[in-house]
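J.: Take this structure first; my questions come after.
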Amino acid sequence: MKEIGIQRLKESFEIEAECLKDALAYIDEESFAKAVDLLAHAERIGTSGCGHSGIICQHAAHLLCCIERPTRFISPAEAVHGATGYLQKDDVMIFASRGGKTKELLPILDICKAKGVKVITITENTESPLATGADVVLRQYVNRETDKYNSQGTTSTTSLCVIIHALQSALIEETDYKNEQFALIHPGGAVGERLNKK
């Protein structure tokens, strides 16, 4: 490995740690509380994003299912070919888009608004179409990506992921979700073994 690789190792940790240290100040607590309330009372939840944001949205869908909030990742490609039929009035869609202008997501936003689906958008750009069309906006903060070109979805992915984790943690409290419930649906692996130990 080139010597500069060790430098990049240290810089990556420093950049992402700095981002997370500052990111909390960008989250409006009232908006966060409203998002948690919508998610706690939704019969169904959808998540959607493209690229790295889409990958974190898939993680979000699984994480919410783990606390028994029925959630599915809706691929932007499939969304406009019938997959938005999963969502009904008063359900919730979570969009993740750093710039808030992702063209593939805009038609899905229109469908959600027409169906009466509540929209939560996570974005840096609070003036973007996905933000102005949302019921709740959670502002994301990113200082810079970790690569030297500041172009790869690294720090931005971490920042988004922590917002999702915070939503799930708050929902556990809001819905009074019990670890015993998780034990029932997670009998597999080391976690399942620990949860279900007699």
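Ordering of the structure tokens sets the chain letters (A, B, ...), residue numbers begin anew at 1 in every chain, and ligands are numbered from 1 in the order given.
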Could you give me, as JSON lines, a per-residue list for stretch 99-192 of chain A showing, wherever an atom lies at most 8 Å from an atom of stretch 2-24 of chain A, the closest pair of atoms and their distance in Å to one decimal, using only C-alpha atoms and sorting by chain then residue number from low to high?

T.:
```
{"residue": "A:Gln140", "atom": "CA", "partner": "A:Ala23", "partner_atom": "CA", "distance": 7.1}
{"residue": "A:Tyr141", "atom": "CA", "partner": "A:Ala23", "partner_atom": "CA", "distance": 5.3}
{"residue": "A:Val142", "atom": "CA", "partner": "A:Cys19", "partner_atom": "CA", "distance": 6.0}
{"residue": "A:Asn143", "atom": "CA", "partner": "A:Cys19", "partner_atom": "CA", "distance": 5.7}
{"residue": "A:Arg144", "atom": "CA", "partner": "A:Ile15", "partner_atom": "CA", "distance": 7.2}
{"residue": "A:Glu145", "atom": "CA", "partner": "A:Ile15", "partner_atom": "CA", "distance": 7.7}
{"residue": "A:Thr146", "atom": "CA", "partner": "A:Ser12", "partner_atom": "CA", "distance": 5.2}
{"residue": "A:Asp147", "atom": "CA", "partner": "A:Ser12", "partner_atom": "CA", "distance": 7.8}
{"residue": "A:Thr155", "atom": "CA", "partner": "A:Glu16", "partner_atom": "CA", "distance": 5.5}
{"residue": "A:Thr158", "atom": "CA", "partner": "A:Glu16", "partner_atom": "CA", "distance": 7.5}
{"residue": "A:Ser159", "atom": "CA", "partner": "A:Leu20", "partner_atom": "CA", "distance": 6.6}
```

J.: Would you mind listing, for every residue of stretch 80-143 of chain A within 12 Å of stretch 63-72 of chain A, the two atoms forming the shortest contact and the distance between them in Å to one decimal, using only C-alpha atoms, sorted by chain and ascending residue number, as a tab-separated table?

T.:
```
residue	atom	partner	partner_atom	distance
A:Ala83	CA	A:Arg72	CA	10.1
A:Thr84	CA	A:Arg72	CA	10.5
A:Gly85	CA	A:Arg72	CA	11.9
A:Tyr86	CA	A:Arg72	CA	8.7
A:Leu87	CA	A:Arg72	CA	9.8
A:Asp91	CA	A:Thr71	CA	10.2
A:Val92	CA	A:Thr71	CA	9.3
A:Met93	CA	A:Thr71	CA	9.3
A:Ile94	CA	A:Thr71	CA	10.1
```

J.: Looking at A:Gly99, A:Ile111, A:Ile163, A:Leu38, which one is nearest to A:Thr126, with distances taken over only C-alpha atoms?

T.: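 Using only C-alpha atoms, A:Thr126 sits closest to A:Gly99.
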
J.: Mind pulling up the distance from atom CA of A:Ala170 to atom CA of A:Ile120?

T.: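 Separation between atom CA of A:Ile120 and atom CA of A:Ala170: 15.4 Å.
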
J.: Which residues come within 9 Å of A:His52, counting only C-alpha atoms, excluding same-chain residues fewer than 5 positions away, as a ChimeraX atom specification?

T.: /A:57,153-154,156-157

J.: Going by DSSP on the backbone, which bits of stretch 2-197 of chain A are strand (DSSP E or B)? Write them as a PyMOL selection string, please.

T.: chain A and resi 45-48+71-73+92-96+118-123+136-139

J.: Apply DSSP to the structure's backbone, then extract all residues of stretch 77-182 of chain A labelled alpha helix (DSSP H) and return them as a PyMOL selection string.

T.: chain A and resi 77-79+106-115+129-132+155-174+179-182

J.: Take the residues just selected and output them with C-alpha atoms as a PDB file, in the first residue's frame.

T.:
```pdb
ATOM      1  CA  ALA A  77     -37.455   2.304 -10.873  1.00  0.00           C
ATOM      2  CA  GLU A  78     -40.245   0.081  -9.534  1.00  0.00           C
ATOM      3  CA  ALA A  79     -42.102   2.943  -7.839  1.00  0.00           C
ATOM      4  CA  LEU A 106     -39.858  13.569  -7.937  1.00  0.00           C
ATOM      5  CA  PRO A 107     -42.571  11.484  -9.670  1.00  0.00           C
ATOM      6  CA  ILE A 108     -42.854   9.367  -6.501  1.00  0.00           C
ATOM      7  CA  LEU A 109     -43.376  12.533  -4.464  1.00  0.00           C
ATOM      8  CA  ASP A 110     -46.237  13.491  -6.805  1.00  0.00           C
ATOM      9  CA  ILE A 111     -47.826  10.060  -6.369  1.00  0.00           C
ATOM     10  CA  CYS A 112     -47.528  10.291  -2.574  1.00  0.00           C
ATOM     11  CA  LYS A 113     -49.164  13.711  -2.480  1.00  0.00           C
ATOM     12  CA  ALA A 114     -52.006  12.538  -4.745  1.00  0.00           C
ATOM     13  CA  LYS A 115     -52.633   9.491  -2.528  1.00  0.00           C
ATOM     14  CA  PRO A 129     -38.403  20.137  -4.384  1.00  0.00           C
ATOM     15  CA  LEU A 130     -38.266  17.060  -2.144  1.00  0.00           C
ATOM     16  CA  ALA A 131     -38.064  19.314   0.922  1.00  0.00           C
ATOM     17  CA  THR A 132     -40.742  21.846  -0.012  1.00  0.00           C
ATOM     18  CA  THR A 155     -19.410  10.927   5.062  1.00  0.00           C
ATOM     19  CA  SER A 156     -22.815  11.744   3.592  1.00  0.00           C
ATOM     20  CA  THR A 157     -23.800   8.088   3.945  1.00  0.00           C
ATOM     21  CA  THR A 158     -22.696   8.026   7.587  1.00  0.00           C
ATOM     22  CA  SER A 159     -24.597  11.236   8.329  1.00  0.00           C
ATOM     23  CA  LEU A 160     -27.789   9.844   6.787  1.00  0.00           C
ATOM     24  CA  CYS A 161     -27.379   6.527   8.585  1.00  0.00           C
ATOM     25  CA  VAL A 162     -27.169   8.174  12.007  1.00  0.00           C
ATOM     26  CA  ILE A 163     -30.410  10.099  11.380  1.00  0.00           C
ATOM     27  CA  ILE A 164     -32.121   6.786  10.559  1.00  0.00           C
ATOM     28  CA  HIS A 165     -30.663   5.206  13.693  1.00  0.00           C
ATOM     29  CA  ALA A 166     -31.927   8.107  15.799  1.00  0.00           C
ATOM     30  CA  LEU A 167     -35.436   7.712  14.356  1.00  0.00           C
ATOM     31  CA  GLN A 168     -35.447   4.010  15.190  1.00  0.00           C
ATOM     32  CA  SER A 169     -34.151   4.614  18.714  1.00  0.00           C
ATOM     33  CA  ALA A 170     -36.840   7.232  19.337  1.00  0.00           C
ATOM     34  CA  LEU A 171     -39.529   4.955  17.898  1.00  0.00           C
ATOM     35  CA  ILE A 172     -38.581   2.198  20.336  1.00  0.00           C
ATOM     36  CA  GLU A 173     -39.433   4.644  23.119  1.00  0.00           C
ATOM     37  CA  GLU A 174     -42.515   6.087  21.423  1.00  0.00           C
ATOM     38  CA  ASN A 179     -36.870  -6.614  23.566  1.00  0.00           C
ATOM     39  CA  GLU A 180     -39.053  -9.689  24.078  1.00  0.00           C
ATOM     40  CA  GLN A 181     -40.890  -8.779  20.874  1.00  0.00           C
ATOM     41  CA  PHE A 182     -37.586  -8.593  19.036  1.00  0.00           C
TER      42      PHE A 182
END
```
